[in-house]
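So this block is work16.pdb, PDB, C-alpha atoms:
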```pdb
ATOM      1  CA  MET A1185     -18.825   1.896  -0.761
ATOM      2  CA  ASN A1186     -18.687   5.323  -2.265
ATOM      3  CA  PHE A1187     -15.039   6.340  -2.550
ATOM      4  CA  GLU A1188     -14.017   9.925  -3.212
ATOM      5  CA  VAL A1189     -10.621  10.723  -4.682
ATOM      6  CA  GLU A1190      -8.126  12.342  -2.271
ATOM      7  CA  ASN A1191      -9.991  11.160   0.835
ATOM      8  CA  LEU A1192      -8.654   8.561   3.241
ATOM      9  CA  TYR A1193     -10.823   5.602   4.220
ATOM     10  CA  HIS A1194     -10.659   3.129   7.060
ATOM     11  CA  LEU A1195     -11.642  -0.233   5.532
ATOM     12  CA  TYR A1196     -12.268  -3.156   7.831
ATOM     13  CA  ASN A1197     -13.984  -6.502   7.972
ATOM     14  CA  ARG A1198     -14.104  -9.447  10.313
ATOM     15  CA  SER A1199     -14.795 -13.115  10.019
ATOM     16  CA  ASN A1200     -18.172 -14.740  10.388
ATOM     17  CA  ASN A1201     -18.713 -16.190  13.865
ATOM     18  CA  ASN A1202     -15.318 -14.945  15.013
ATOM     19  CA  GLN A1203     -13.572 -17.763  13.148
ATOM     20  CA  ILE A1204      -9.855 -17.612  12.429
ATOM     21  CA  VAL A1205      -9.122 -16.342   8.911
ATOM     22  CA  PHE A1206      -5.325 -16.320   9.160
ATOM     23  CA  HIS A1207      -4.287 -19.711  10.545
ATOM     24  CA  HIS A1208      -0.544 -19.393  10.068
ATOM     25  CA  HIS A1209       2.187 -17.121   8.725
ATOM     26  CA  GLU A1210       1.680 -18.209   5.104
ATOM     27  CA  ASN A1211      -1.991 -17.107   5.235
ATOM     28  CA  TYR A1212      -0.999 -13.573   6.251
ATOM     29  CA  ILE A1213       1.640 -13.410   3.516
ATOM     30  CA  TYR A1214      -0.751 -14.794   0.896
ATOM     31  CA  PHE A1215      -3.401 -12.205   1.852
ATOM     32  CA  LEU A1216      -0.868  -9.368   1.631
ATOM     33  CA  GLY A1217       0.199 -10.650  -1.785
ATOM     34  CA  LYS A1218      -3.445 -10.563  -2.889
ATOM     35  CA  ILE A1219      -3.699  -6.996  -1.546
ATOM     36  CA  ARG A1220      -0.690  -6.013  -3.634
ATOM     37  CA  LYS A1221      -2.201  -7.572  -6.754
ATOM     38  CA  GLU A1222      -5.883  -6.633  -6.318
ATOM     39  CA  TRP A1223      -5.756  -3.282  -4.498
ATOM     40  CA  LEU A1224      -2.566  -1.451  -5.463
ATOM     41  CA  PRO A1225      -3.793  -0.648  -8.970
ATOM     42  CA  TYR A1226      -6.715   1.263  -7.394
ATOM     43  CA  PHE A1227      -5.637   2.327  -3.904
ATOM     44  CA  ASP A1228      -2.707   3.896  -2.149
ATOM     45  CA  ILE A1229      -2.437   1.859   1.014
ATOM     46  CA  ILE A1230      -1.536   4.116   3.899
ATOM     47  CA  ALA A1231      -1.578   1.628   6.789
ATOM     48  CA  TYR A1232      -2.791  -1.853   7.665
ATOM     49  CA  CYS A1233      -3.042  -4.458  10.366
ATOM     50  CA  LEU A1234      -4.049  -8.068   9.866
ATOM     51  CA  MET A1235      -5.411  -9.844  12.929
ATOM     52  CA  PRO A1236      -6.338 -13.524  13.264
ATOM     53  CA  THR A1237     -10.075 -12.794  12.826
ATOM     54  CA  HIS A1238     -10.174  -9.433  11.034
ATOM     55  CA  PHE A1239      -8.278  -6.736   9.156
ATOM     56  CA  HIS A1240      -7.939  -2.955   9.033
ATOM     57  CA  PHE A1241      -6.621  -0.725   6.251
ATOM     58  CA  ILE A1242      -6.348   2.988   5.635
ATOM     59  CA  VAL A1243      -6.549   3.600   1.898
ATOM     60  CA  SER A1244      -6.957   6.381  -0.618
ATOM     61  CA  VAL A1245      -8.334   5.902  -4.138
ATOM     62  CA  LYS A1246      -5.628   6.758  -6.670
ATOM     63  CA  GLY A1247      -7.793   8.557  -9.208
ATOM     64  CA  ILE A1248     -11.178   9.032 -10.796
ATOM     65  CA  GLN A1249     -10.768   6.027 -13.124
ATOM     66  CA  GLN A1250      -9.677   3.790 -10.244
ATOM     67  CA  LYS A1251     -12.650   4.934  -8.136
ATOM     68  CA  GLU A1252     -15.040   3.057 -10.418
ATOM     69  CA  LYS A1253     -13.216  -0.262  -9.921
ATOM     70  CA  ALA A1254     -12.306   0.033  -6.226
ATOM     71  CA  ASN A1255     -15.419  -1.723  -4.886
ATOM     72  CA  TYR A1256     -14.902  -4.596  -7.287
ATOM     73  CA  ALA A1257     -11.281  -4.933  -6.134
ATOM     74  CA  VAL A1258     -12.357  -5.195  -2.486
ATOM     75  CA  GLY A1259     -14.910  -7.912  -3.267
ATOM     76  CA  LYS A1260     -12.535  -9.814  -5.543
ATOM     77  CA  LEU A1261      -9.858  -9.933  -2.853
ATOM     78  CA  LEU A1262     -12.208 -11.318  -0.210
ATOM     79  CA  SER A1263     -13.814 -13.913  -2.465
ATOM     80  CA  SER A1264     -10.494 -15.181  -3.836
ATOM     81  CA  TYR A1265      -8.942 -15.374  -0.355
ATOM     82  CA  THR A1266     -12.035 -17.223   0.908
ATOM     83  CA  ARG A1267     -11.786 -19.768  -1.934
ATOM     84  CA  ALA A1268      -8.108 -20.399  -1.168
ATOM     85  CA  ASN A1269      -8.766 -20.645   2.567
ATOM     86  CA  ASN A1270     -11.688 -23.045   2.076
ATOM     87  CA  LYS A1271      -9.588 -25.231  -0.214
ATOM     88  CA  GLU A1272      -6.691 -25.314   2.248
ATOM     89  CA  ASN A1273      -8.945 -26.128   5.216
ATOM     90  CA  ASN A1274     -11.369 -28.411   3.377
ATOM     91  CA  SER A1275     -14.267 -26.148   4.319
ATOM     92  CA  HIS A1276     -16.943 -24.168   2.511
ATOM     93  CA  GLY A1277     -19.028 -21.025   2.871
ATOM     94  CA  SER A1278     -18.274 -17.389   3.394
ATOM     95  CA  LEU A1279     -15.332 -16.473   5.578
ATOM     96  CA  PHE A1280     -15.875 -12.727   6.021
ATOM     97  CA  GLN A1281     -18.954 -10.758   6.975
ATOM     98  CA  GLN A1282     -21.009  -9.763   3.982
ATOM     99  CA  LYS A1283     -20.158  -6.062   3.935
ATOM    100  CA  THR A1284     -16.719  -4.589   4.279
ATOM    101  CA  LYS A1285     -17.104  -1.375   6.217
ATOM    102  CA  SER A1286     -15.557   1.896   5.175
ATOM    103  CA  LYS A1287     -15.329   5.194   7.013
ATOM    104  CA  ASN A1288     -14.285   8.362   5.259
ATOM    105  CA  LEU A1289     -11.687   9.756   7.665
ATOM    106  CA  HIS A1290     -12.304  13.281   6.391
ATOM    107  CA  THR A1291     -16.008  13.303   7.285
ATOM    108  CA  ALA A1292     -16.706  10.568   9.855
ATOM    109  CA  PHE A1293     -15.271  12.156  12.950
ATOM    110  CA  ASP A1294     -16.651  13.706  16.115
ATOM    111  CA  ILE A1295     -15.313  17.261  16.060
ATOM    112  CA  LYS A1296     -15.729  17.669  19.826
ATOM    113  CA  LYS A1297     -13.565  14.649  20.580
ATOM    114  CA  TYR A1298     -10.898  14.859  17.890
ATOM    115  CA  LEU A1299     -10.927  18.593  17.075
ATOM    116  CA  ASN A1300      -9.942  18.205  13.415
ATOM    117  CA  THR A1301      -9.519  15.776  10.551
ATOM    118  CA  SER A1302      -5.757  15.330  11.025
ATOM    119  CA  ASN A1303      -6.240  14.288  14.639
ATOM    120  CA  TYR A1304      -8.884  11.760  13.640
ATOM    121  CA  ILE A1305      -6.613  10.292  10.952
ATOM    122  CA  LEU A1306      -3.860  10.005  13.568
ATOM    123  CA  TYR A1307      -6.300   8.356  15.961
ATOM    124  CA  CYS A1308      -7.289   5.823  13.298
ATOM    125  CA  LEU A1309      -3.651   5.143  12.353
ATOM    126  CA  ASN A1310      -2.833   4.437  15.987
ATOM    127  CA  TYR A1311      -6.011   2.444  16.551
ATOM    128  CA  ILE A1312      -5.094   0.157  13.647
ATOM    129  CA  HIS A1313      -1.465  -0.270  14.714
ATOM    130  CA  THR A1314      -2.285  -0.947  18.386
ATOM    131  CA  ASN A1315      -4.815  -3.726  17.697
ATOM    132  CA  PRO A1316      -2.301  -6.516  18.478
ATOM    133  CA  LEU A1317      -1.598  -4.913  21.873
ATOM    134  CA  LYS A1318      -5.285  -4.542  22.695
ATOM    135  CA  ASP A1319      -5.929  -8.197  21.814
ATOM    136  CA  ASN A1320      -2.884  -9.310  23.851
ATOM    137  CA  LEU A1321      -1.198 -10.930  20.864
ATOM    138  CA  VAL A1322       2.076  -9.117  21.642
ATOM    139  CA  SER A1323       3.428  -6.932  24.430
ATOM    140  CA  ASP A1324       5.384  -4.694  22.040
ATOM    141  CA  LEU A1325       4.186  -3.474  18.633
ATOM    142  CA  LYS A1326       7.540  -4.296  17.045
ATOM    143  CA  ASP A1327       6.726  -7.985  17.612
ATOM    144  CA  TRP A1328       3.637  -8.024  15.328
ATOM    145  CA  GLN A1329       4.856  -8.456  11.774
ATOM    146  CA  TYR A1330       1.431  -8.297  10.099
ATOM    147  CA  SER A1331       0.965  -4.546  10.278
ATOM    148  CA  SER A1332       2.537  -1.461   8.787
ATOM    149  CA  TYR A1333       3.777  -0.306  12.211
ATOM    150  CA  LEU A1334       7.213  -1.806  11.505
ATOM    151  CA  ASP A1335       7.464   0.222   8.284
ATOM    152  CA  TYR A1336       6.416   3.443  10.017
ATOM    153  CA  ALA A1337       8.856   2.790  12.857
ATOM    154  CA  ALA A1338      11.629   2.170  10.255
ATOM    155  CA  LEU A1339      12.178  -1.352  11.573
ATOM    156  CA  ARG A1340      11.353  -2.849   8.168
ATOM    157  CA  ASN A1341      11.552  -1.458   4.659
ATOM    158  CA  GLY A1342       8.155  -2.569   3.363
ATOM    159  CA  THR A1343       6.832  -1.449  -0.002
ATOM    160  CA  LEU A1344       3.090  -2.000   0.375
ATOM    161  CA  CYS A1345       2.259   1.304   2.106
ATOM    162  CA  ASN A1346       2.616   4.838   0.835
ATOM    163  CA  ILE A1347       3.865   6.257   4.137
ATOM    164  CA  THR A1348       4.738   9.563   2.496
ATOM    165  CA  ILE A1349       1.035  10.495   2.361
ATOM    166  CA  ALA A1350       0.715  10.090   6.143
ATOM    167  CA  GLU A1351       4.022  11.874   6.796
ATOM    168  CA  GLU A1352       2.884  14.889   4.782
ATOM    169  CA  LEU A1353      -0.649  14.955   6.149
ATOM    170  CA  LEU A1354       0.291  14.450   9.803
ATOM    171  CA  ASN A1355       3.685  16.185   9.722
ATOM    172  CA  PHE A1356       5.971  13.469  11.078
ATOM    173  CA  LYS A1357       8.845  11.332   9.801
ATOM    174  CA  ARG A1358       9.068   7.553   9.990
ATOM    175  CA  GLY A1359      11.403   6.078  12.576
ATOM    176  CA  VAL A1360      12.018   7.437  16.053
ATOM    177  CA  GLU A1361       9.839  10.498  15.412
ATOM    178  CA  PHE A1362       6.884   8.263  14.460
ATOM    179  CA  ILE A1363       7.386   6.054  17.544
ATOM    180  CA  GLN A1364       7.347   9.158  19.778
ATOM    181  CA  PHE A1365       4.368  10.519  17.848
ATOM    182  CA  THR A1366       2.505   7.240  18.467
ATOM    183  CA  LYS A1367       3.244   7.240  22.194
ATOM    184  CA  LEU A1368       1.976  10.816  22.558
ATOM    185  CA  ALA A1369      -1.211   9.943  20.673
ATOM    186  CA  GLU A1370      -1.768   6.843  22.827
ATOM    187  CA  ASN A1371      -1.624   9.050  25.924
ATOM    188  CA  ASP A1372      -3.954  11.654  24.371
ATOM    189  CA  TYR A1373      -6.589   9.150  23.271
ATOM    190  CA  LYS A1374      -6.334   6.647  26.132
ATOM    191  CA  PHE A1375      -6.435   3.527  23.969
TER     192      PHE A1375
END
```
Mind turning this structure into structure tokens?
Amino acid sequence: MNFEVENLYHLYNRSNNNQIVFHHHENYIYFLGKIRKEWLPYFDIIAYCLMPTHFHFIVSVKGIQQKEKANYAVGKLLSSYTRANNKENNSHGSLFQQKTKSKNLHTAFDIKKYLNTSNYILYCLNYIHTNPLKDNLVSDLKDWQYSSYLDYAALRNGTLCNITIAEELLNFKRGVEFIQFTKLAENDYKF
């Protein structure tokens, strides 16, 4: 992955053969702890959603020095989580697909559909947060605790995400304004 400073990226990966990677609550929490340890030195995390078989993040590289180590941090996280998961489940082999995908949200958009970069970033933010609804894991986003939606909606005071970056870029405030913002975007993009 070729990260550029001051750009936002949608990072995502899924399991091999659609196998479950987060078996229970402790797995989600352990993975988020690894994110805090392995990624926060290099990335500002803007948003995330962990799903039973995959994950999504919006990140920004913190600086030029961090850019050089960001790819290593992504690989280290996945390999260390896989080792822990294999040990816990008495299994072996790779857990995630070989390549974590990354899309630069400033360049990877269809201008005819989204009109501008800010709209595409909003689309991606909402796409990530609405994954649990689309997969019928919950009927209300406030019921999925493994995403940053609760922090954006001001229903939890999480410290993993730098929500200020999104607030400034997309011109909204967390809480009720964000919830309304999300509902408008869902209608616009027909999730």
(request) Name every residue that the PyMOL selection byres ((chain A and resi 1280) around 8) selects in this structure, writing the answer as a PyMOL selection string with chains first and numbers rising. (result) chain A and resi 1197-1200+1262+1266+1278-1279+1281-1282
(message) Let me make sure I understand: among A:Asn1255, A:Asn1186, A:Thr1314, A:Asn1191, which one has the smallest atom-to-atom distance to Thr1291 (chain A) if we use all atoms listed in the file?
(response)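 Answer, going by the shortest atom-to-atom distance: A:Asn1191.
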(request) Between CA of Pro1236 (chain A) and CA of Asn1269 (chain A), measure the distance and give it in Å to one decimal. (result) 13.1 Å
(message) So that I can see what lies close to region 1351-1357 of chain A, please list as JSON, numbers by chain the residues with an atom at most 9 Å from it, counting all atoms listed in the file and leaving out residues fewer than 3 positions away in the same chain.
(response) {"A": [1302, 1303, 1305, 1306, 1336, 1347, 1348, 1360, 1361, 1362, 1365]}
Result set of the PyMOL selection byres ((chain A and resi 1317) around 12) on the coordinates above, as a PDB file with C-alpha atoms, keeping the file's coordinate frame:
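In the end it all went to selection.pdb:
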```pdb
ATOM      1  CA  CYS A1233      -3.042  -4.458  10.366  1.00  0.00           C
ATOM      2  CA  MET A1235      -5.411  -9.844  12.929  1.00  0.00           C
ATOM      3  CA  ASN A1310      -2.833   4.437  15.987  1.00  0.00           C
ATOM      4  CA  TYR A1311      -6.011   2.444  16.551  1.00  0.00           C
ATOM      5  CA  ILE A1312      -5.094   0.157  13.647  1.00  0.00           C
ATOM      6  CA  HIS A1313      -1.465  -0.270  14.714  1.00  0.00           C
ATOM      7  CA  THR A1314      -2.285  -0.947  18.386  1.00  0.00           C
ATOM      8  CA  ASN A1315      -4.815  -3.726  17.697  1.00  0.00           C
ATOM      9  CA  PRO A1316      -2.301  -6.516  18.478  1.00  0.00           C
ATOM     10  CA  LYS A1318      -5.285  -4.542  22.695  1.00  0.00           C
ATOM     11  CA  ASP A1319      -5.929  -8.197  21.814  1.00  0.00           C
ATOM     12  CA  ASN A1320      -2.884  -9.310  23.851  1.00  0.00           C
ATOM     13  CA  LEU A1321      -1.198 -10.930  20.864  1.00  0.00           C
ATOM     14  CA  VAL A1322       2.076  -9.117  21.642  1.00  0.00           C
ATOM     15  CA  SER A1323       3.428  -6.932  24.430  1.00  0.00           C
ATOM     16  CA  ASP A1324       5.384  -4.694  22.040  1.00  0.00           C
ATOM     17  CA  LEU A1325       4.186  -3.474  18.633  1.00  0.00           C
ATOM     18  CA  LYS A1326       7.540  -4.296  17.045  1.00  0.00           C
ATOM     19  CA  ASP A1327       6.726  -7.985  17.612  1.00  0.00           C
ATOM     20  CA  TRP A1328       3.637  -8.024  15.328  1.00  0.00           C
ATOM     21  CA  SER A1331       0.965  -4.546  10.278  1.00  0.00           C
ATOM     22  CA  TYR A1333       3.777  -0.306  12.211  1.00  0.00           C
ATOM     23  CA  GLU A1370      -1.768   6.843  22.827  1.00  0.00           C
ATOM     24  CA  PHE A1375      -6.435   3.527  23.969  1.00  0.00           C
TER      25      PHE A1375
END
```
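Comparing A:Tyr1330, A:Phe1239, A:Tyr1304, A:Tyr1193 by their smallest distance to Tyr1212 (chain A), the closest is A:Tyr1330 (using all atoms listed in the file).
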(request) Could you tell me how far CA of Ala1268 (chain A) lies from CA of Thr1237 (chain A), in Å and to one decimal? (result)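 CA of Thr1237 (chain A) lies at a distance of 16.0 Å from CA of Ala1268 (chain A).
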(request) Report the distance between CA of Val1189 (chain A) and CA of Arg1358 (chain A) in Å, rounded to one decimal place. (result)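 Distance reported for this atom pair: 24.8 Å.
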Give me region 1196-1212 of chain A with N, CA and C atoms filled in, as a PDB file, keeping the file's coordinate frame.
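Result file result30.pdb:
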```
ATOM      1  N   TYR A1196     -12.443  -2.057   6.896  1.00  0.00           N
ATOM      2  CA  TYR A1196     -12.268  -3.156   7.831  1.00  0.00           C
ATOM      3  C   TYR A1196     -13.374  -4.189   7.652  1.00  0.00           C
ATOM      4  N   ASN A1197     -13.024  -5.404   8.001  1.00  0.00           N
ATOM      5  CA  ASN A1197     -13.984  -6.502   7.972  1.00  0.00           C
ATOM      6  C   ASN A1197     -13.501  -7.549   8.942  1.00  0.00           C
ATOM      7  N   ARG A1198     -14.451  -8.360   9.388  1.00  0.00           N
ATOM      8  CA  ARG A1198     -14.104  -9.447  10.313  1.00  0.00           C
ATOM      9  C   ARG A1198     -14.737 -10.734   9.827  1.00  0.00           C
ATOM     10  N   SER A1199     -14.308 -11.805  10.433  1.00  0.00           N
ATOM     11  CA  SER A1199     -14.795 -13.115  10.019  1.00  0.00           C
ATOM     12  C   SER A1199     -16.211 -13.352  10.528  1.00  0.00           C
ATOM     13  N   ASN A1200     -16.884 -14.266   9.891  1.00  0.00           N
ATOM     14  CA  ASN A1200     -18.172 -14.740  10.388  1.00  0.00           C
ATOM     15  C   ASN A1200     -17.931 -15.577  11.636  1.00  0.00           C
ATOM     16  N   ASN A1201     -18.758 -15.390  12.630  1.00  0.00           N
ATOM     17  CA  ASN A1201     -18.713 -16.190  13.865  1.00  0.00           C
ATOM     18  C   ASN A1201     -17.354 -16.173  14.547  1.00  0.00           C
ATOM     19  N   ASN A1202     -16.620 -15.112  14.358  1.00  0.00           N
ATOM     20  CA  ASN A1202     -15.318 -14.945  15.013  1.00  0.00           C
ATOM     21  C   ASN A1202     -14.338 -16.090  14.707  1.00  0.00           C
ATOM     22  N   GLN A1203     -14.481 -16.681  13.525  1.00  0.00           N
ATOM     23  CA  GLN A1203     -13.572 -17.763  13.148  1.00  0.00           C
ATOM     24  C   GLN A1203     -12.225 -17.210  12.704  1.00  0.00           C
ATOM     25  N   ILE A1204     -11.205 -18.008  12.833  1.00  0.00           N
ATOM     26  CA  ILE A1204      -9.855 -17.612  12.429  1.00  0.00           C
ATOM     27  C   ILE A1204      -9.801 -17.560  10.897  1.00  0.00           C
ATOM     28  N   VAL A1205      -9.276 -16.457  10.364  1.00  0.00           N
ATOM     29  CA  VAL A1205      -9.122 -16.342   8.911  1.00  0.00           C
ATOM     30  C   VAL A1205      -7.656 -16.457   8.491  1.00  0.00           C
ATOM     31  N   PHE A1206      -6.755 -16.178   9.430  1.00  0.00           N
ATOM     32  CA  PHE A1206      -5.325 -16.320   9.160  1.00  0.00           C
ATOM     33  C   PHE A1206      -4.793 -17.358  10.148  1.00  0.00           C
ATOM     34  N   HIS A1207      -4.662 -18.590   9.676  1.00  0.00           N
ATOM     35  CA  HIS A1207      -4.287 -19.711  10.545  1.00  0.00           C
ATOM     36  C   HIS A1207      -2.792 -19.761  10.836  1.00  0.00           C
ATOM     37  N   HIS A1208      -1.992 -19.342   9.885  1.00  0.00           N
ATOM     38  CA  HIS A1208      -0.544 -19.393  10.068  1.00  0.00           C
ATOM     39  C   HIS A1208       0.121 -18.321   9.208  1.00  0.00           C
ATOM     40  N   HIS A1209       1.396 -18.169   9.376  1.00  0.00           N
ATOM     41  CA  HIS A1209       2.187 -17.121   8.725  1.00  0.00           C
ATOM     42  C   HIS A1209       1.919 -17.051   7.224  1.00  0.00           C
ATOM     43  N   GLU A1210       1.869 -18.184   6.559  1.00  0.00           N
ATOM     44  CA  GLU A1210       1.680 -18.209   5.104  1.00  0.00           C
ATOM     45  C   GLU A1210       0.350 -17.584   4.696  1.00  0.00           C
ATOM     46  N   ASN A1211      -0.700 -17.729   5.550  1.00  0.00           N
ATOM     47  CA  ASN A1211      -1.991 -17.107   5.235  1.00  0.00           C
ATOM     48  C   ASN A1211      -1.883 -15.585   5.221  1.00  0.00           C
ATOM     49  N   TYR A1212      -1.187 -15.027   6.200  1.00  0.00           N
ATOM     50  CA  TYR A1212      -0.999 -13.573   6.251  1.00  0.00           C
ATOM     51  C   TYR A1212      -0.247 -13.088   5.003  1.00  0.00           C
TER      52      TYR A1212
END
```
